[in-house]
$ cat work.cif   # mmCIF, C-alpha atoms and all ligand atoms
data_run
#
loop_
_atom_site.label_atom_id
_atom_site.label_comp_id
_atom_site.auth_asym_id
_atom_site.auth_seq_id
_atom_site.Cartn_x
_atom_site.Cartn_y
_atom_site.Cartn_z
CA MET A 1256 123.84 116.63 74.47
CA ASN A 1257 126.42 116.00 77.16
CA LEU A 1258 124.97 113.03 79.03
CA LYS A 1259 127.76 113.20 81.59
CA GLU A 1260 126.24 116.41 82.94
CA ILE A 1261 122.81 114.94 83.53
CA VAL A 1262 123.23 111.31 84.55
CA ASN A 1263 123.55 110.25 88.18
CA PRO A 1264 127.22 111.08 88.98
CA ARG A 1265 127.54 107.94 91.12
CA LEU A 1266 127.65 105.99 87.86
CA PHE A 1267 131.16 107.27 87.26
CA ASP A 1268 132.48 105.32 90.27
CA ILE A 1269 131.00 102.06 89.01
CA PRO A 1270 132.71 100.00 86.31
CA ASP A 1271 130.76 98.35 83.47
CA TYR A 1272 129.73 94.79 84.27
CA ASP A 1273 132.43 92.27 83.41
CA GLN A 1274 130.43 89.11 82.71
CA ILE A 1275 132.12 88.09 79.45
CA HIS A 1276 132.98 84.69 80.95
CA VAL A 1277 129.27 83.81 81.11
CA THR A 1278 128.86 84.65 77.41
CA GLN A 1279 131.95 82.60 76.60
CA CYS A 1280 130.44 79.63 78.41
CA TRP A 1281 127.17 79.90 76.48
CA GLN A 1282 129.14 80.14 73.24
CA ASP A 1283 131.31 77.14 74.08
CA PRO A 1284 129.27 74.54 76.00
CA THR A 1285 132.35 72.32 76.42
CA ILE A 1286 133.74 74.74 79.03
CA ARG A 1287 133.06 73.50 82.55
CA ARG A 1288 131.38 76.45 84.36
CA GLU A 1289 132.93 76.45 87.80
CA MET A 1290 133.26 80.22 88.25
CA SER A 1291 129.88 81.58 89.39
CA ASN A 1292 128.69 79.02 91.96
CA GLU A 1293 125.93 77.86 89.67
CA SER A 1294 124.97 74.21 89.78
CA ASN A 1295 126.16 71.94 86.98
CA TYR A 1296 123.15 69.71 87.66
CA ALA A 1297 120.01 70.49 85.68
CA PRO A 1298 116.93 71.22 87.81
CA ILE A 1299 115.11 68.05 88.91
CA PRO A 1300 112.60 66.69 86.31
CA ALA A 1301 109.54 67.91 88.27
CA ILE A 1302 110.84 71.50 88.08
CA GLN A 1303 111.56 71.21 84.38
CA GLU A 1304 108.05 69.86 83.84
CA ALA A 1305 106.54 72.73 85.85
CA ILE A 1306 108.41 75.28 83.71
CA ARG A 1307 107.17 73.58 80.53
CA SER A 1308 103.62 73.44 81.88
CA VAL A 1309 103.26 77.22 81.94
CA ALA A 1310 104.62 77.76 78.42
CA ASP A 1311 101.10 77.93 76.96
CA LYS A 1312 99.99 80.42 79.62
CA ALA A 1313 102.77 82.91 79.02
CA ASN A 1314 100.28 85.28 77.40
CA TYR A 1315 99.06 86.14 80.93
CA TYR A 1316 100.78 88.12 83.67
CA ALA A 1317 101.76 85.92 86.58
CA GLU A 1318 100.35 86.74 90.00
CA ASP A 1319 102.09 89.71 91.51
CA ALA A 1320 104.71 88.68 94.06
CA ALA A 1321 102.84 90.40 96.90
CA TYR A 1322 100.00 87.91 96.36
CA ALA A 1323 101.41 84.54 95.15
CA LEU A 1324 100.18 83.08 98.43
CA SER A 1325 100.63 79.47 97.40
CA LEU A 1326 104.37 79.92 96.72
CA ARG A 1327 104.92 82.19 99.72
CA GLU A 1328 103.19 79.71 102.03
CA LYS A 1329 105.36 76.87 100.78
CA ILE A 1330 108.52 78.92 101.24
CA ALA A 1331 107.32 79.99 104.69
CA ALA A 1332 106.80 76.36 105.72
CA TYR A 1333 110.27 75.46 104.38
CA CYS A 1334 111.82 78.25 106.49
CA SER A 1335 109.57 77.94 109.58
CA VAL A 1336 108.12 81.45 109.27
CA LYS A 1337 104.75 82.80 108.06
CA ALA A 1338 103.76 83.78 104.51
CA GLU A 1339 103.56 87.43 105.64
CA ASN A 1340 107.32 87.27 106.37
CA VAL A 1341 108.17 86.35 102.76
CA ALA A 1342 108.95 88.77 99.90
CA LEU A 1343 109.77 87.37 96.46
CA GLY A 1344 112.43 88.80 94.19
CA ASN A 1345 113.87 88.40 90.71
CA GLY A 1346 116.85 86.65 92.24
CA SER A 1347 117.92 87.58 95.76
CA ILE A 1348 120.03 90.30 94.22
CA GLU A 1349 116.87 92.23 93.30
CA LEU A 1350 115.74 92.12 96.91
CA LEU A 1351 119.11 93.37 98.09
CA ASP A 1352 118.81 96.26 95.64
CA LEU A 1353 115.32 97.05 96.93
CA LEU A 1354 116.54 96.94 100.54
CA PHE A 1355 119.39 99.31 99.66
CA GLN A 1356 116.81 101.74 98.23
CA VAL A 1357 114.15 101.35 100.91
CA LEU A 1358 116.62 101.85 103.76
CA MET A 1359 118.38 104.83 102.20
CA ALA A 1360 117.18 108.08 103.79
CA ALA A 1361 120.32 110.24 103.87
CA PRO A 1362 122.60 109.66 100.83
CA ASP A 1363 126.34 109.99 101.52
CA LYS A 1364 125.63 109.79 105.25
CA ASP A 1365 123.84 106.50 105.89
CA GLU A 1366 126.34 103.70 106.45
CA ALA A 1367 126.37 99.98 105.74
CA VAL A 1368 128.82 97.62 107.44
CA LEU A 1369 130.17 94.76 105.32
CA LEU A 1370 132.66 92.04 106.02
CA GLN A 1371 135.85 91.66 104.08
CA PRO A 1372 136.04 89.44 102.12
CA ASP A 1373 132.41 88.96 101.12
CA TYR A 1374 130.23 88.73 98.01
CA SER A 1375 131.59 91.19 95.45
CA ALA A 1376 128.20 92.31 94.10
CA TYR A 1377 127.29 94.14 97.34
CA VAL A 1378 129.70 97.07 97.00
CA PRO A 1379 128.84 98.51 93.56
CA ARG A 1380 125.11 98.46 94.25
CA LEU A 1381 125.53 100.08 97.66
CA LYS A 1382 127.71 102.77 96.12
CA PHE A 1383 125.14 103.41 93.42
CA PHE A 1384 122.44 104.07 96.01
CA GLY A 1385 124.66 106.47 97.96
CA TRP A 1386 125.72 104.30 100.90
CA LYS A 1387 128.93 104.89 102.79
CA ILE A 1388 130.57 101.52 103.41
CA LYS A 1389 132.57 100.47 106.45
CA PHE A 1390 134.43 97.18 106.34
CA ALA A 1391 134.94 94.73 109.20
CA GLN A 1392 137.98 92.58 108.42
CA LEU A 1393 137.64 88.83 108.81
CA SER A 1394 141.38 88.39 109.37
CA ALA A 1395 140.78 87.79 113.10
CA GLY A 1396 138.51 84.87 112.13
CA LEU A 1397 134.78 84.34 112.17
CA ASP A 1398 134.72 83.66 115.92
CA LYS A 1399 135.62 87.30 116.44
CA ALA A 1400 133.36 88.63 113.70
CA ALA A 1401 130.91 90.43 115.99
CA ASP A 1402 133.77 92.34 117.68
CA GLN A 1403 135.04 93.46 114.29
CA VAL A 1404 131.57 94.42 113.13
CA MET A 1405 130.83 96.34 116.33
CA ALA A 1406 134.06 98.28 115.93
CA ALA A 1407 132.89 99.35 112.47
CA ILE A 1408 129.36 100.35 113.58
CA SER A 1409 128.68 104.07 114.10
CA GLU A 1410 125.54 106.08 114.84
CA ASN A 1411 125.05 106.41 111.06
CA THR A 1412 125.05 102.64 110.53
CA LYS A 1413 121.70 101.40 109.24
CA PHE A 1414 122.58 97.76 108.69
CA VAL A 1415 125.20 95.04 108.66
CA LEU A 1416 125.19 92.72 105.64
CA LEU A 1417 127.01 89.40 105.47
CA SER A 1418 126.82 86.16 103.55
CA ARG A 1419 126.56 83.01 105.69
CA PRO A 1420 128.09 80.68 104.47
CA ASN A 1421 130.53 83.34 103.40
CA ASN A 1422 131.18 83.78 99.70
CA PRO A 1423 134.07 83.37 98.79
CA MET A 1424 135.46 81.53 101.83
CA GLY A 1425 132.69 78.94 102.34
CA THR A 1426 132.92 79.30 106.11
CA VAL A 1427 130.04 79.91 108.54
CA MET A 1428 130.03 82.50 111.27
CA PRO A 1429 129.02 81.00 114.65
CA ARG A 1430 125.39 81.61 115.61
CA GLU A 1431 126.47 83.37 118.82
CA GLU A 1432 128.22 86.04 116.73
CA ILE A 1433 124.96 86.71 114.87
CA THR A 1434 123.11 86.97 118.19
CA ARG A 1435 125.66 89.49 119.43
CA MET A 1436 125.23 91.55 116.28
CA LEU A 1437 121.43 91.40 116.60
CA GLU A 1438 121.73 92.73 120.12
CA THR A 1439 123.21 95.98 118.76
CA GLY A 1440 119.67 96.77 117.55
CA LYS A 1441 120.94 97.54 114.03
CA LEU A 1442 119.38 95.71 111.11
CA ILE A 1443 121.36 92.54 110.41
CA ILE A 1444 120.99 91.11 106.90
CA VAL A 1445 122.12 87.49 106.71
CA ASP A 1446 122.47 86.31 103.11
CA GLU A 1447 121.89 82.54 103.15
CA ALA A 1448 122.37 81.98 99.41
CA TYR A 1449 124.30 78.74 100.09
CA ILE A 1450 122.32 77.45 103.08
CA GLU A 1451 121.12 74.31 101.26
CA MET A 1452 124.72 73.05 101.26
CA ALA A 1453 125.43 73.95 104.90
CA ASP A 1454 125.15 71.57 107.87
CA ALA A 1455 121.63 71.00 109.21
CA GLY A 1456 120.73 73.62 111.80
CA THR A 1457 122.96 76.34 110.33
CA SER A 1458 120.20 78.66 109.15
CA VAL A 1459 118.94 81.52 111.30
CA SER A 1460 115.75 81.91 109.23
CA GLU A 1461 113.50 80.94 112.17
CA TRP A 1462 114.91 83.80 114.22
CA VAL A 1463 112.88 86.15 112.03
CA ASN A 1464 109.96 85.16 114.31
CA GLN A 1465 111.80 86.55 117.30
CA TYR A 1466 114.08 89.40 116.13
CA ASP A 1467 112.48 92.31 114.26
CA ASN A 1468 115.94 93.53 113.20
CA LEU A 1469 116.86 90.31 111.36
CA ILE A 1470 116.51 89.98 107.58
CA VAL A 1471 117.38 86.70 105.86
CA MET A 1472 118.03 86.50 102.10
CA ARG A 1473 117.61 83.21 100.23
CA THR A 1474 117.81 82.06 96.61
CA PHE A 1475 116.79 79.22 94.31
CA SER A 1476 119.93 79.85 92.22
CA LYS A 1477 122.35 77.55 94.04
CA GLY A 1478 121.16 74.30 95.67
CA PHE A 1479 117.91 74.26 93.68
CA CYS A 1480 119.85 74.60 90.39
CA LEU A 1481 117.76 77.54 89.11
CA ALA A 1482 120.23 80.41 88.57
CA GLY A 1483 118.85 81.13 85.11
CA ILE A 1484 115.24 81.34 86.27
CA ARG A 1485 115.87 84.23 88.73
CA LEU A 1486 113.98 83.58 91.93
CA GLY A 1487 115.00 84.66 95.41
CA TYR A 1488 113.22 85.61 98.61
CA MET A 1489 113.61 87.69 101.71
CA LEU A 1490 112.40 86.79 105.19
CA ALA A 1491 111.66 89.75 107.44
CA THR A 1492 108.92 91.48 109.42
CA PRO A 1493 105.57 91.91 107.60
CA GLU A 1494 106.13 95.69 107.72
CA LEU A 1495 109.44 95.52 105.88
CA VAL A 1496 107.99 92.99 103.42
CA ARG A 1497 105.25 95.55 102.64
CA TYR A 1498 107.77 98.35 102.07
CA ILE A 1499 109.80 96.12 99.74
CA ASN A 1500 106.68 95.23 97.76
CA ARG A 1501 105.73 98.90 97.48
CA SER A 1502 109.16 99.89 96.22
CA ARG A 1503 109.49 97.44 93.32
CA HIS A 1504 107.89 97.35 89.91
CA ILE A 1505 104.85 95.11 89.47
CA PHE A 1506 105.10 91.53 88.20
CA ASN A 1507 108.78 91.24 89.05
CA ILE A 1508 108.56 87.43 89.14
CA ASN A 1509 107.80 85.75 85.84
CA LEU A 1510 105.40 82.86 85.38
CA ALA A 1511 108.13 80.26 84.81
CA ALA A 1512 109.96 81.29 87.99
CA MET A 1513 106.76 81.00 90.04
CA ALA A 1514 106.09 77.54 88.66
CA ALA A 1515 109.68 76.44 89.22
CA GLY A 1516 109.68 77.70 92.82
CA GLU A 1517 106.45 75.85 93.64
CA ALA A 1518 107.72 72.62 92.09
CA ALA A 1519 110.96 72.90 94.07
CA MET A 1520 109.01 73.28 97.32
CA ASP A 1521 106.69 70.40 96.34
CA HIS A 1522 109.62 68.06 95.63
CA LEU A 1523 112.00 68.88 98.44
CA ASN A 1524 113.17 65.31 98.90
CA GLU A 1525 114.43 65.08 95.31
CA CYS A 1526 116.06 68.50 95.67
CA ARG A 1527 117.74 67.30 98.87
CA GLN A 1528 119.35 64.49 96.88
CA ILE A 1529 121.04 67.17 94.76
CA PHE A 1530 122.20 69.09 97.86
CA LYS A 1531 123.72 65.82 99.08
CA LYS A 1532 125.48 65.13 95.78
CA LEU A 1533 126.92 68.64 95.86
CA THR A 1534 128.14 68.40 99.43
CA ASP A 1535 129.60 64.91 98.92
CA THR A 1536 131.51 66.08 95.85
CA ARG A 1537 132.60 69.24 97.67
CA ASP A 1538 134.04 67.23 100.57
CA TRP A 1539 135.76 64.81 98.19
CA LEU A 1540 137.22 67.75 96.24
CA THR A 1541 138.43 69.43 99.43
CA ALA A 1542 140.19 66.26 100.57
CA GLU A 1543 141.82 65.71 97.17
CA LEU A 1544 143.00 69.31 96.85
CA ALA A 1545 144.53 69.06 100.32
CA LYS A 1546 146.78 66.23 99.02
CA ILE A 1547 148.37 68.53 96.44
CA PRO A 1548 151.66 69.86 97.88
CA GLY A 1549 151.21 73.48 99.00
CA PHE A 1550 147.45 73.60 98.36
CA LYS A 1551 145.28 74.62 101.31
CA PRO A 1552 141.57 74.27 100.53
CA ILE A 1553 139.29 75.89 103.09
CA PRO A 1554 136.66 73.47 104.46
CA SER A 1555 133.41 74.75 102.95
CA GLN A 1556 129.72 74.69 103.83
CA ALA A 1557 128.72 75.92 100.37
CA ASN A 1558 128.81 74.66 96.76
CA PHE A 1559 132.35 75.90 96.18
CA VAL A 1560 135.83 75.49 97.58
CA MET A 1561 138.31 78.30 98.07
CA VAL A 1562 141.97 77.24 97.82
CA ASN A 1563 145.12 78.96 99.01
CA VAL A 1564 147.99 77.96 96.70
CA LYS A 1565 150.68 80.25 98.11
CA ASP A 1566 152.98 77.39 99.19
CA SER A 1567 152.63 75.37 96.00
CA GLY A 1568 155.17 77.29 93.93
CA LYS A 1569 152.33 78.49 91.67
CA THR A 1570 150.26 81.65 91.85
CA ALA A 1571 146.48 81.68 91.83
CA THR A 1572 146.55 83.38 88.42
CA GLU A 1573 148.75 80.61 87.00
CA CYS A 1574 146.40 77.91 88.31
CA VAL A 1575 143.31 79.67 86.96
CA ASP A 1576 144.91 80.23 83.54
CA TYR A 1577 146.05 76.62 83.36
CA LEU A 1578 142.61 75.30 84.22
CA LEU A 1579 141.10 77.50 81.53
CA GLU A 1580 143.48 75.98 78.99
CA MET A 1581 142.18 72.61 80.16
CA GLY A 1582 138.56 73.71 79.70
CA PHE A 1583 137.60 74.79 83.24
CA PHE A 1584 136.46 78.29 84.15
CA VAL A 1585 137.23 78.86 87.85
CA ARG A 1586 137.31 82.18 89.69
CA SER A 1587 140.51 84.00 90.56
CA PHE A 1588 140.70 85.95 93.83
CA ALA A 1589 144.19 87.22 93.00
CA LYS A 1590 143.16 90.82 93.67
CA LYS A 1591 140.39 90.57 96.26
CA ALA A 1592 140.46 93.13 99.07
CA GLY A 1593 141.06 91.44 102.41
CA LEU A 1594 142.92 88.47 100.87
CA GLU A 1595 146.61 87.87 100.32
CA PRO A 1596 147.46 88.88 96.72
CA ASP A 1597 147.55 86.12 94.09
CA ALA A 1598 147.13 83.32 96.61
CA TYR A 1599 143.48 82.26 96.26
CA PHE A 1600 141.14 80.84 93.68
CA ARG A 1601 137.64 79.40 94.02
CA ILE A 1602 136.18 76.31 92.37
CA SER A 1603 132.40 75.92 92.15
CA VAL A 1604 131.59 72.28 92.82
CA GLY A 1605 130.69 70.56 89.55
CA LEU A 1606 129.85 67.01 88.52
CA PRO A 1607 132.00 64.31 90.20
CA GLU A 1608 133.65 63.23 86.93
CA ASP A 1609 134.58 66.84 86.11
CA MET A 1610 136.01 67.39 89.57
CA GLU A 1611 138.09 64.22 89.20
CA GLU A 1612 139.50 65.58 85.94
CA LEU A 1613 140.19 68.97 87.49
CA VAL A 1614 142.11 67.41 90.38
CA VAL A 1615 144.28 65.43 87.94
CA TYR A 1616 145.12 68.63 86.04
CA MET A 1617 145.99 70.48 89.22
CA LYS A 1618 148.23 67.65 90.45
CA GLU A 1619 150.05 67.56 87.12
CA PHE A 1620 150.42 71.34 87.01
CA VAL A 1621 151.86 71.70 90.49
CA ALA A 1622 154.31 68.86 89.82
CA LYS A 1623 155.62 70.61 86.65
C1 LIG A 1701 126.21 85.52 98.70
C2 LIG A 1701 125.38 85.61 97.47
N1 LIG A 1701 124.21 86.24 97.52
C3 LIG A 1701 123.43 86.35 96.43
C4 LIG A 1701 123.82 85.82 95.22
C5 LIG A 1701 122.95 86.01 94.02
O1 LIG A 1701 121.82 85.25 94.09
P1 LIG A 1701 120.63 85.40 93.03
O2 LIG A 1701 120.98 84.55 91.86
O3 LIG A 1701 119.46 84.89 93.80
O4 LIG A 1701 120.48 86.84 92.68
C6 LIG A 1701 125.03 85.15 95.12
C7 LIG A 1701 125.46 84.57 93.83
O5 LIG A 1701 126.58 84.25 93.58
C8 LIG A 1701 125.84 85.06 96.27
O6 LIG A 1701 127.04 84.46 96.23
#

$ encode --input "work.cif" --output "structure tokens"
Amino acid sequence: MNLKEIVNPRLFDIPDYDQIHVTQCWQDPTIRREMSNESNYAPIPAIQEAIRSVADKANYYAEDAAYALSLREKIAAYCSVKAENVALGNGSIELLDLLFQVLMAAPDKDEAVLLQPDYSAYVPRLKFFGWKIKFAQLSAGLDKAADQVMAAISENTKFVLLSRPNNPMGTVMPREEITRMLETGKLIIVDEAYIEMADAGTSVSEWVNQYDNLIVMRTFSKGFCLAGIRLGYMLATPELVRYINRSRHIFNINLAAMAAGEAAMDHLNECRQIFKKLTDTRDWLTAELAKIPGFKPIPSQANFVMVNVKDSGKTATECVDYLLEMGFFVRSFAKKAGLEPDAYFRISVGLPEDMEELVVYMKEFVAK
């Protein structure tokens, strides 16, 4: 049988996943994992206890995500919306996938507008579902983002998708720019994966009550330290929430994820202490990196710091390779569309003592 003749031809434009670094980290726990914007803090004890407490109930299906009222109500209260505005996903990435499917009516015609640079996982999934992609460059800066986005919008545009704080830059588009985009009447999907580390008042989640074309994506993977448990949510109109729930398979959220999510919402103050540790370490790291000759860290509102090393006499690739030799996996942006070649790398904020070590290595390396 020639499978190539019968599989979805869009698969041929999509490379195999390259996630070997994650496997390497599991195989060698001494490597400091600063490449995927996970947290290096374990979940708070109450979350761990909640996960353990459902171990002896794993013989039963969890509630389906369309019900799960207790968890959805807690999330709704956290985000100042109603439970009917909340859809739960197996990570926010599942919800993005579902949105890409639900909104797709005319393959190879319907358009999505993305920013450049932005989260790298968006493009392959959009391509797989038949979206045409238009890019709005961020080179003119976030203050001009709405102009750039509007220039990219056409009558075929169904939605604009952006991360805020932006991954990989860590910067936050001004609220007025989001308002201007919302006024186009197109669907605007704001991915707030890193919102727990942003300044108070940054989120636009409450605007879901007022704009029916706003969709907000959130996750427990970052600030709540639960990347491995896979729990994310979408805030949108009840109608869109219903369509998303119809389009997915049943029981997409496992029992442990439900329990973890509830415990996180029940112990927000302890979780907030972790957000604070992350942001304090991030700001310390940014200040220290700025002291290294030729290093330009970008002030970040997320749990990572992007650094431009162009004027340091070293390339981004050299810095990333050196840090790996020293036991740190960080993420190279040497070849990222929209960024100067071999100038940038990104460090996920780790434990303070690890960040201190990393800074020492970088200082030594640049001085060599
Ligand atoms: C902007 C953004 N959105 C979504 C995700 C994925 O989140 P989840 O683990 O909830 O699928 C990430 C992870 O790196 C991200 O950077």

$ residues_near_ligand --input "work.cif" --ligand "ligand LIG 1701 (chain A)" --cutoff "7 Å" --atoms "only C-alpha atoms and all ligand atoms" --output "list in words"
Ser1291, Asn1292, Gly1346, Ser1347, Ile1348, Glu1349, Tyr1374, Ser1418, Asn1421, Asn1422, Asp1446, Glu1447, Ala1448, Arg1473, Thr1474, Phe1475, Ser1476, Ala1482, Arg1485, Leu1486 and Gly1487 of chain A

$ write_last_selection --input "work.cif" --atoms "C-alpha atoms" --output "mmCIF file, in the coordinates of the input"
data_model
loop_
_atom_site.group_PDB
_atom_site.id
_atom_site.type_symbol
_atom_site.label_atom_id
_atom_site.label_comp_id
_atom_site.auth_asym_id
_atom_site.auth_seq_id
_atom_site.Cartn_x
_atom_site.Cartn_y
_atom_site.Cartn_z
ATOM 1 C CA SER A 1291 129.880 81.580 89.390
ATOM 2 C CA ASN A 1292 128.690 79.020 91.960
ATOM 3 C CA GLY A 1346 116.850 86.650 92.240
ATOM 4 C CA SER A 1347 117.920 87.580 95.760
ATOM 5 C CA ILE A 1348 120.030 90.300 94.220
ATOM 6 C CA GLU A 1349 116.870 92.230 93.300
ATOM 7 C CA TYR A 1374 130.230 88.730 98.010
ATOM 8 C CA SER A 1418 126.820 86.160 103.550
ATOM 9 C CA ASN A 1421 130.530 83.340 103.400
ATOM 10 C CA ASN A 1422 131.180 83.780 99.700
ATOM 11 C CA ASP A 1446 122.470 86.310 103.110
ATOM 12 C CA GLU A 1447 121.890 82.540 103.150
ATOM 13 C CA ALA A 1448 122.370 81.980 99.410
ATOM 14 C CA ARG A 1473 117.610 83.210 100.230
ATOM 15 C CA THR A 1474 117.810 82.060 96.610
ATOM 16 C CA PHE A 1475 116.790 79.220 94.310
ATOM 17 C CA SER A 1476 119.930 79.850 92.220
ATOM 18 C CA ALA A 1482 120.230 80.410 88.570
ATOM 19 C CA ARG A 1485 115.870 84.230 88.730
ATOM 20 C CA LEU A 1486 113.980 83.580 91.930
ATOM 21 C CA GLY A 1487 115.000 84.660 95.410
#

$ residues_around --input "work.cif" --residues "range 1266-1283 of chain A" --least-positions-apart "2" --cutoff "8 Å" --atoms "only C-alpha atoms" --output "NGL selection string"
:A and (1262-1264 or 1285-1288 or 1379 or 1382-1383 or 1584)

$ residues_around --input "work.cif" --residues "range 1526-1532 of chain A" --least-positions-apart "5" --cutoff "12 Å" --atoms "only C-alpha atoms" --output "number ranges by chain"
A: 1294-1302, 1449-1455, 1475, 1477-1481, 1516, 1518-1521, 1537-1539, 1556-1558, 1604-1607

$ atom_distance --input "work.cif" --atom1 "CA of Leu1258 in chain A" --atom2 "CA of Gln1356 in chain A"
23.7 Å

$ closest_residue --input "work.cif" --among "A:Ser1325, A:Asn1314, A:Thr1412, A:Asn1340" --to "Tyr1488 in chain A" --atoms "all atoms listed in the file"
A:Asn1340

$ atom_distance --input "work.cif" --atom1 "CA of Arg1601 in chain A" --atom2 "CA of Lys1399 in chain A"
23.9 Å

$ closest_residue --input "work.cif" --among "A:Val1621, A:Pro1372, A:Ala1367, A:Asn1500" --to "Phe1588 in chain A" --atoms "only C-alpha atoms"
A:Pro1372

$ build_atoms --input "work.cif" --residues "range 1447-1458 of chain A" --atoms "N, CA and C atoms" --output "PDB file, keeping the file's coordinate frame"
ATOM      1  N   GLU A1447     121.727  84.004 103.072  1.00  0.00           N
ATOM      2  CA  GLU A1447     121.890  82.540 103.150  1.00  0.00           C
ATOM      3  C   GLU A1447     121.804  81.889 101.773  1.00  0.00           C
ATOM      4  N   ALA A1448     122.448  82.506 100.781  1.00  0.00           N
ATOM      5  CA  ALA A1448     122.370  81.980  99.410  1.00  0.00           C
ATOM      6  C   ALA A1448     122.789  80.506  99.329  1.00  0.00           C
ATOM      7  N   TYR A1449     123.726  80.100 100.194  1.00  0.00           N
ATOM      8  CA  TYR A1449     124.300  78.740 100.090  1.00  0.00           C
ATOM      9  C   TYR A1449     123.798  77.812 101.182  1.00  0.00           C
ATOM     10  N   ILE A1450     122.729  78.185 101.868  1.00  0.00           N
ATOM     11  CA  ILE A1450     122.320  77.450 103.080  1.00  0.00           C
ATOM     12  C   ILE A1450     121.972  75.992 102.782  1.00  0.00           C
ATOM     13  N   GLU A1451     121.502  75.699 101.576  1.00  0.00           N
ATOM     14  CA  GLU A1451     121.120  74.310 101.260  1.00  0.00           C
ATOM     15  C   GLU A1451     122.315  73.372 101.332  1.00  0.00           C
ATOM     16  N   MET A1452     123.521  73.917 101.221  1.00  0.00           N
ATOM     17  CA  MET A1452     124.720  73.050 101.260  1.00  0.00           C
ATOM     18  C   MET A1452     125.405  73.104 102.637  1.00  0.00           C
ATOM     19  N   ALA A1453     124.823  73.845 103.574  1.00  0.00           N
ATOM     20  CA  ALA A1453     125.430  73.950 104.900  1.00  0.00           C
ATOM     21  C   ALA A1453     124.907  72.837 105.806  1.00  0.00           C
ATOM     22  N   ASP A1454     125.592  72.607 106.929  1.00  0.00           N
ATOM     23  CA  ASP A1454     125.150  71.570 107.870  1.00  0.00           C
ATOM     24  C   ASP A1454     123.736  71.871 108.361  1.00  0.00           C
ATOM     25  N   ALA A1455     122.988  70.810 108.670  1.00  0.00           N
ATOM     26  CA  ALA A1455     121.630  71.000 109.210  1.00  0.00           C
ATOM     27  C   ALA A1455     121.712  71.879 110.458  1.00  0.00           C
ATOM     28  N   GLY A1456     120.756  72.758 110.608  1.00  0.00           N
ATOM     29  CA  GLY A1456     120.730  73.620 111.800  1.00  0.00           C
ATOM     30  C   GLY A1456     121.550  74.885 111.677  1.00  0.00           C
ATOM     31  N   THR A1457     122.121  75.137 110.498  1.00  0.00           N
ATOM     32  CA  THR A1457     122.960  76.340 110.330  1.00  0.00           C
ATOM     33  C   THR A1457     122.123  77.608 110.162  1.00  0.00           C
ATOM     34  N   SER A1458     120.986  77.474 109.492  1.00  0.00           N
ATOM     35  CA  SER A1458     120.200  78.660 109.150  1.00  0.00           C
ATOM     36  C   SER A1458     119.709  79.408 110.389  1.00  0.00           C
TER      37      SER A1458
END
